[in-house]
2 protein chains.
Amino acid sequence: MKGFSFKSYLTSNLTISEEEVATLLHQCTIKEFNKGDFLVRENEFCKQVYFVEEGLLRQFFMDESGKEHILQFAPENWFAADRESFYFNQPSKYFIQALEPTKVAIMDDVYIKNLEATMHGFLDFNNRLLHNHIRALQNRIVSLLSETAEKRYLNFIQLYPDVMLRVPLTMIASYLGITPESLSRVRKDLANKPH
Amino acid sequence: MKGFSFKSYLTSNLTISEEEVATLLHQCTIKEFNKGDFLVRENEFCKQVYFVEEGLLRQFFMDESGKEHILQFAPENWFAADRESFYFNQPSKYFIQALEPTKVAIMDDVYIKNLEATMHGFLDFNNRLLHNHIRALQNRIVSLLSETAEKRYLNFIQLYPDVMLRVPLTMIASYLGITPESLSRVRKDLANKPH
DNA sequence: TCTATCACTTGATGTATGTTAAGAAATGGA
DNA sequence: TCCATTTCTTAACATACATCAAGTGATAGA
């Protein structure tokens, strides 16, 4: 289990001993997915939290007309899960899918409950994750309420330059809440602009 | 402190003794605001969490062009706070304002830190609040990404019928992400529809 | 290498929503 | 009670973005 990003992540984000990190990693499953594989599907119960070691995930949902809308990309060192399904024990509205061959560290509900009960500082750690999540969600809403597609696109590039280079524009468009055609035009306009 | 909604809320949502509830309420401040008063302003640090006993709050931000966008309404038995500012200790991007004469129970950061350290079950309680918040935010994003203004309006009515009756349509429009004129047209169309 | 699929672009046109302007109806102080 | 302000509606016009359709490259299996 040496050399995993999850380890570095934990040691630098949790005030816990080497020993505790070892326990934590020992109980935690590593799993690999192929490009296109689903980690969670709509209507399933999401009972795991995923930490991306390598690769890239997306969380998306399908609306009534069958269109896909991406809520989140999760590249290396990000977490992915449907917190709603996980916490409230409800069937998920979302899919979580690997966009590249992806290696994840998996913390399931039993594992997490266990840590919460035994490891001092784990609740704080999870609290941090939740607040990061809330921050991201709030910023997304602010952006959707107040910014044009062009502005949202520019924000995206700046915020997730790595993701930008790794996924097709169709998916960026889906994240931004516009059609691929519109994104193409936004990009054309930007290219023709001074600056 | 008898007869406060916050008390009922706590007893029915926390597995704590009468004694603990008493302590909790004893340390907690009650404050009243007039219609129009600000509990938090942009660029201030939000160091308190508000529980609405009576009245109605809104959380909103102002975009670059000076337009207001409402993130959340908080009627009786709801919590309001800028979790981002509170947790990350950053100046807030938001305003929190009373839309009616409003009585709130205030938990400040010292109070909360204290409870986290001393009261078993408080972390779980806060965790629940955070997950409720995440759920609401996610649903909002889903709605903004995939639904028309009309659908969002119908959702709003169903989800917050009480708020609907207590705030001007301008604010509903601001919450929905459209102009008051557009909301007016949406309502007209709905009225002319066979249901 | 060939072919099917996917990714991206472009153009023509449609639609939802924004903007500007005006006025009517409701509300709240003085 | 009256006046000022806010709220809501309506209309004409503008704009951002969607839809539909087509075509060009790029990519990846067979």
# chains A, B, ... in the order shown; residues from 1 in each chain; ligands from 1
$ interface_residues --of "chain B" --to "chain C" --cutoff "9 Å" --atoms "only C-alpha atoms (C1' of nucleotides)" --output "PyMOL selection string"
chain B and resi 148-149+178-179+181-182
$ select_by_dssp --residues "chain A" --states "strand (DSSP E)" --output "PyMOL selection string"
chain A and resi 29-33+38-40+48-54+57-62+68-74+79-80+95-98+102-108
$ interface_residues --of "chain D" --to "chain B" --cutoff "12 Å" --atoms "only C-alpha atoms (C1' of nucleotides)" --output "list in words"
DT6, DT7, DC8, DT9, DT10 and DA11 of chain D
$ interface_residues --of "chain B" --to "chain A" --cutoff "6 Å" --atoms "only C-alpha atoms" --output "list in words"
Glu84, Arg135, Leu145 and Gly177 of chain B
$ atom_distance --atom1 "CA of Phe51 (chain B)" --atom2 "CA of Phe122 (chain B)"
15.4 Å
